[in-house]
Amino acid sequence: MAFADRITRHPLPYNPERCAEAHATFNGLPAALHELLENTASCSPYLAGLMAREADWIARLADCEAEDLRDEVWADITQTDGDLKAVFRQAKRRIALLAAVADLGGVWPLEDVTRTLTELADRCLQRGLTHLTAAQIARGKLPGQTEEDAEEGAGMCVLAMGKGGAYELNYSSDIDMICLFDETRFAADDYLDARTTFVKITRALMSLMSDVTADGYVFRSDLRLRPDAAVTPVCIAMETAERYYESVGRTWERAAFIKARPCAGDLAAGHRFLDRLSPFIWRKHLDFAAIEDAHDMRLKIRSHKGLGGAMQLEGHNIKLGAGGIREIEFFTQTRQLIAGGRDPDLRVRGTREGLDRLVDAGWVPKEASERLQANYVAHREVEHRLQMIGDAQTHELPKTDEGFQRLARFMGEEDTGKFRAGLLARLEEVAAITDSFFAPDETEEAPETEGLASASTYLEQWRSLPALRSERSVALFKRVFPAILRQMAQATRPPEAMAEFERFLSGLPAGVQVFSLFDANPQLTKLIVDICATSPALATYLSRNADVLDAVIGGDFFKPWPKVAGLTEFLTEKMDAVDDYESRLDAARRWQKEWHFRVGVHHLQGLLSPEDASAQYADLADATLTALLPVVKAEFARKHGAAPGRGAIVLAMGSAGAGALSAQSDLDLIVIYDAQGVEGSDGRRPLDTRTYFARLTQAFVTALTAQMAEGRLYEVDLRLRPSGQAGPVATSLEAFRTYQMNDAWVWEHLALTRARSIAGDASLRDDVEQVRRTVLEGTPDVTKIKTQTQEMRVRLADASGPPGPWDVKSGAGGRQDIELTGQALSLIAGGTERQTAEQLEHAVKAGLLTDAQLNVLSESHKLFTRVQMASRLLTDKALEPEKMGAGSLAILLRDCDCDTVEALEGRIAQCRNQAADVVEQVLG
């Protein structure tokens, strides 16, 4: 299909004289093309001049596609010899005319227009840089570089910034660039000479692009986005730039690098530079402080450009003014900065693509995105028409009725009043959407509540806290605290909740990030108040790990539980995203904290039963061990070679093996290996088999327990391994089998009833499970089991002392006693179940328990489990209801289905006594 057949719109006539001139010039062309060119010339003196100069060339659109003419221009840039200034300027003329006509005729959408303009810049920069670099190499000014290196700039890279980086150049754009060179391509002694030469190349390249000749210019070029532009040369080493951004880089520079793109020279080096800069651009935690920074930038731009005050169309800046293009870009980029560190899918350059990604991730409502995108396209088209009129880099709307009349006709609108009304409505709509994000309404003062002071009083009391050290944090706190006070007033005991909030605040190392997060996400205020009013332990944890709040608003916090396989995949991806071993361990810690926090919050808010929360804590531990073991093995193998044989597996014992953990559970583990007769490893520092697996086990335990920058994962206990503390920390499969079959004590077989392989080679895990089943399904010595279980109960009782009324774990009839009984009955009945409820049910089937006895033990164990789950969630101390706040008590009573503390205490005592009687009956 020819260009003429694709035309869907055209401007309306404005200047009759230029209309007549174009009519004569293009007489005989297809009617639609003729009308498009004629009306375009009538609206734009600049385009009328280009048409007169390139009449024969543009008339070829009668028989070919716009893309055909465009590709010819690209070939001319690359292949034509001679004066590059003349070549580039002819290319600019033709692309400017072609893009304008394709735009005005509706043949190319906005993205094709801006991409074509951007590609013109890219191709001229690449050709110019290659030419200039080759000349300097030929003169010996770039030591060690050859003619073949000229194509990639001998290590020099041009970064396209801003609209150029996003393929969004407007019709009369400057091109913003940063010129860098890869200093690693040069010997230390040649560094200064290379830098001097690259500075010369850069200046010559800017001259090729920017100088105004008889043929015009290509693009005005701006290098002021480079680091410390007032004092640095126009081309600097990548390493120098990295140091700058790591030490003093600012939020506006982070925003600028969202769109940065290597566009000429050594593209590979440019991409490596941006990869290294990624931690500067994309913060690992949700970065709501960027909102305040972006808002400040908006206000400074408006103040500097004199763009404040009430909105009016005359002279309004369609780019920088209220409701303009920059507002939409800031809106998009700021949200990308907030969450892009956690969500790589948000790291895109284009404004419209960025909005689409933000909708997909749940950061922007679909309707808001659709309105902003529609207005963005309309604004950009107005901007292009303004610039097409006289090839001027202007963004200001006309100041006269005549100017608006011309612009309306250029936009294809006959009714100037209608055009003005539509334009004003779009500006106001953008302003309303973006202002609500950057500058939300001031919060009203909270009403007075008995037991709570005023906001100003609290601020005065807390002014010495680290979280309120800076003026910026104070300003943000003043904005969010009234909402916190309102929520506190709804707590069961507001003073207690506020005291916990003060403790939470005291644990924060700084306040700007957290207060900015509250400011942008009011729903978090309620969550924090709920936590402070109910769970001091969770509030304390949160104050030390405030970054886990990222998880709450990261999009996945309330999605269905992904189970072990999904969790393992998530953690593996997180660790694979970083290179070094220590960073992977820290990544695992950050990830585990977020998911651990999620389980706690869901339990706290009644979204999970205590039993489901217990299972999810166990799933999280399984996934952590499963994903982490290969990382530890790989790091260990790097030093000592691959593990002999089938390697090692992790056997979870106790509560971890039973898949029932609490918020504060440690992990009981055993490491079992099978070298399959191999005597040692074959790495750089080989080890004999026993030493290899002993050290690998120590490395794995360290990976779990070491206190690192992001804390620790779990406390680990290896004392349940064969021979306990006297035995090796890792046990061979054969030794494990022999020990369990011939030498293990009854208590060790009791522990084996809950053992579960959770990480490592699948076939080895199957073999370990087979050993477990063989032992458990063997012929039991019932008398010995009962006798030694009773002896074990006595030792445990002596060690813990008499249980208090709220100690549901220890003592006769307590949770531990019921679990021990379930294990003993399972061992007697030859069962292989791991959880207490299933073990007791199997005992009924084996005739070892009556239904009545099962009911007593099951109901008691369920109550004690619920008390313990709530206790571990609500406090890190022993459970003492008289010292708990009203909110915490409410959670405890809710979980245990009791109305009062007295009723719960009585129920605990009754269950303990009944359970103790049943245990004596079945083990006596």
# chains A, B, ... in the order shown; residues from 1 in each chain; ligands from 1
call {"tool": "residues_around", "arguments": {"residues": "Ala374 of chain A", "least_positions_apart": "3", "cutoff": "12 Å", "atoms": "only C-alpha atoms", "output": "PyMOL selection string"}}
result
chain A and resi 110+325+328+351-352+355+367-371+377-381+426-427+429-430
call {"tool": "closest_residue", "arguments": {"among": "A:Phe26, A:Trp561, A:Phe518, A:Tyr167", "to": "Ala260 of chain A", "atoms": "only C-alpha atoms"}}
result
A:Tyr167
call {"tool": "residues_around", "arguments": {"residues": "Ile670 of chain A", "least_positions_apart": "6", "cutoff": "10 Å", "atoms": "only C-alpha atoms", "output": "list in words"}}
result
Ile649, Val650, Leu651, Ala652, Met653, Thr697, Val716, Asp717, Leu718, Arg719, Leu720, Arg721, Pro722, Val729, Ala730, Thr731, Ala755, Arg756 and Ser757 of chain A
call {"tool": "write_last_selection", "arguments": {"atoms": "N, CA and C atoms", "output": "CSV table (one decimal), in the first residue's frame"}}
result
chain,number,residue,atom,x,y,z
A,649,ILE,N,22.0,-34.4,52.2
A,649,ILE,CA,20.7,-33.9,52.4
A,649,ILE,C,20.4,-33.4,53.8
A,650,VAL,N,19.4,-32.6,53.9
A,650,VAL,CA,19.0,-32.0,55.2
A,650,VAL,C,17.8,-32.8,55.7
A,651,LEU,N,17.9,-33.3,56.9
A,651,LEU,CA,16.8,-34.0,57.6
A,651,LEU,C,16.3,-33.1,58.7
A,652,ALA,N,15.0,-32.6,58.5
A,652,ALA,CA,14.4,-31.8,59.6
A,652,ALA,C,13.8,-32.7,60.7
A,653,MET,N,14.0,-32.3,61.9
A,653,MET,CA,13.5,-33.0,63.1
A,653,MET,C,12.6,-32.1,63.9
A,697,THR,N,28.7,-28.9,56.2
A,697,THR,CA,27.6,-28.8,57.2
A,697,THR,C,27.8,-27.5,58.0
A,716,VAL,N,19.8,-22.8,64.7
A,716,VAL,CA,19.9,-24.2,64.3
A,716,VAL,C,20.4,-25.1,65.4
A,717,ASP,N,19.8,-26.2,65.6
A,717,ASP,CA,20.3,-27.2,66.6
A,717,ASP,C,20.6,-28.5,65.9
A,718,LEU,N,21.8,-29.0,66.1
A,718,LEU,CA,22.2,-30.3,65.4
A,718,LEU,C,22.3,-31.4,66.5
A,719,ARG,N,21.8,-31.2,67.7
A,719,ARG,CA,22.1,-32.2,68.7
A,719,ARG,C,21.3,-33.5,68.6
A,720,LEU,N,20.3,-33.5,67.7
A,720,LEU,CA,19.5,-34.7,67.5
A,720,LEU,C,20.2,-35.7,66.5
A,721,ARG,N,21.4,-35.3,66.0
A,721,ARG,CA,22.2,-36.2,65.1
A,721,ARG,C,22.7,-37.5,65.9
A,722,PRO,N,23.0,-38.6,65.2
A,722,PRO,CA,23.5,-39.8,65.9
A,722,PRO,C,24.6,-39.5,66.9
A,729,VAL,N,29.3,-33.8,62.9
A,729,VAL,CA,28.2,-32.9,62.6
A,729,VAL,C,27.5,-33.4,61.3
A,730,ALA,N,28.1,-34.2,60.5
A,730,ALA,CA,27.5,-34.8,59.3
A,730,ALA,C,27.7,-36.3,59.4
A,731,THR,N,26.6,-37.0,59.0
A,731,THR,CA,26.6,-38.5,59.2
A,731,THR,C,26.4,-39.1,57.8
A,755,ALA,N,10.9,-37.1,61.8
A,755,ALA,CA,12.0,-36.7,60.8
A,755,ALA,C,11.4,-36.6,59.4
A,756,ARG,N,12.0,-35.6,58.6
A,756,ARG,CA,11.5,-35.4,57.3
A,756,ARG,C,12.6,-34.8,56.4
A,757,SER,N,13.0,-35.4,55.3
A,757,SER,CA,14.0,-34.9,54.4
A,757,SER,C,13.4,-33.8,53.6
call {"tool": "residues_around", "arguments": {"residues": "Ala135 of chain A", "least_positions_apart": "4", "cutoff": "12 Å", "atoms": "only C-alpha atoms", "output": "ChimeraX atom specification"}}
result
/A:128-131,139-142,145-147,149-151,153-154,197-198,200-201,204
call {"tool": "residues_around", "arguments": {"residues": "segment 702-713 of chain A", "least_positions_apart": "5", "cutoff": "8 Å", "atoms": "only C-alpha atoms", "output": "list in words"}}
result
Leu585, Asp586, Ala588, Arg589, Arg590, Gln592 and Val632 of chain A
call {"tool": "residues_around", "arguments": {"residues": "Val775 of chain A", "least_positions_apart": "2", "cutoff": "9 Å", "atoms": "only C-alpha atoms", "output": "JSON, numbers by chain"}}
result
{"A": [737, 740, 741, 749, 752, 770, 771, 772, 773, 777, 778, 779, 830]}
call {"tool": "write_last_selection", "arguments": {"atoms": "N, CA and C atoms", "output": "mmCIF file, in the first residue's frame"}}
result
data_model
loop_
_atom_site.group_PDB
_atom_site.id
_atom_site.type_symbol
_atom_site.label_atom_id
_atom_site.label_comp_id
_atom_site.auth_asym_id
_atom_site.auth_seq_id
_atom_site.Cartn_x
_atom_site.Cartn_y
_atom_site.Cartn_z
ATOM 1 N N ARG A 737 22.127 -45.446 58.993
ATOM 2 C CA ARG A 737 21.342 -46.677 58.957
ATOM 3 C C ARG A 737 21.763 -47.625 60.084
ATOM 4 N N GLN A 740 20.728 -46.227 63.597
ATOM 5 C CA GLN A 740 19.298 -46.295 63.876
ATOM 6 C C GLN A 740 18.830 -47.746 64.049
ATOM 7 N N MET A 741 19.421 -48.657 63.313
ATOM 8 C CA MET A 741 18.996 -50.054 63.381
ATOM 9 C C MET A 741 19.529 -50.766 64.621
ATOM 10 N N HIS A 749 14.550 -42.870 68.515
ATOM 11 C CA HIS A 749 13.507 -43.400 67.633
ATOM 12 C C HIS A 749 12.229 -42.579 67.765
ATOM 13 N N LEU A 752 12.732 -39.811 65.599
ATOM 14 C CA LEU A 752 12.698 -40.217 64.196
ATOM 15 C C LEU A 752 11.267 -40.233 63.647
ATOM 16 N N GLN A 770 13.545 -44.333 53.603
ATOM 17 C CA GLN A 770 13.393 -45.782 53.696
ATOM 18 C C GLN A 770 13.997 -46.311 54.990
ATOM 19 N N VAL A 771 15.145 -45.784 55.404
ATOM 20 C CA VAL A 771 15.734 -46.164 56.693
ATOM 21 C C VAL A 771 14.753 -45.835 57.807
ATOM 22 N N ARG A 772 14.181 -44.633 57.753
ATOM 23 C CA ARG A 772 13.220 -44.215 58.785
ATOM 24 C C ARG A 772 12.046 -45.180 58.850
ATOM 25 N N ARG A 773 11.480 -45.519 57.707
ATOM 26 C CA ARG A 773 10.321 -46.404 57.690
ATOM 27 C C ARG A 773 10.686 -47.808 58.179
ATOM 28 N N GLU A 777 8.720 -49.214 61.353
ATOM 29 C CA GLU A 777 7.788 -50.308 61.066
ATOM 30 C C GLU A 777 8.291 -51.651 61.593
ATOM 31 N N GLY A 778 9.427 -51.637 62.312
ATOM 32 C CA GLY A 778 9.970 -52.867 62.870
ATOM 33 C C GLY A 778 9.158 -53.353 64.068
ATOM 34 N N THR A 779 9.564 -54.470 64.626
ATOM 35 C CA THR A 779 8.866 -55.046 65.786
ATOM 36 C C THR A 779 9.245 -54.259 67.035
ATOM 37 N N GLY A 830 3.878 -48.847 64.956
ATOM 38 C CA GLY A 830 4.560 -48.972 63.669
ATOM 39 C C GLY A 830 4.090 -47.937 62.664
#
call {"tool": "atom_distance", "arguments": {"atom1": "atom CA of Glu119 of chain A", "atom2": "atom CA of Gly106 of chain A"}}
result
19.9 Å
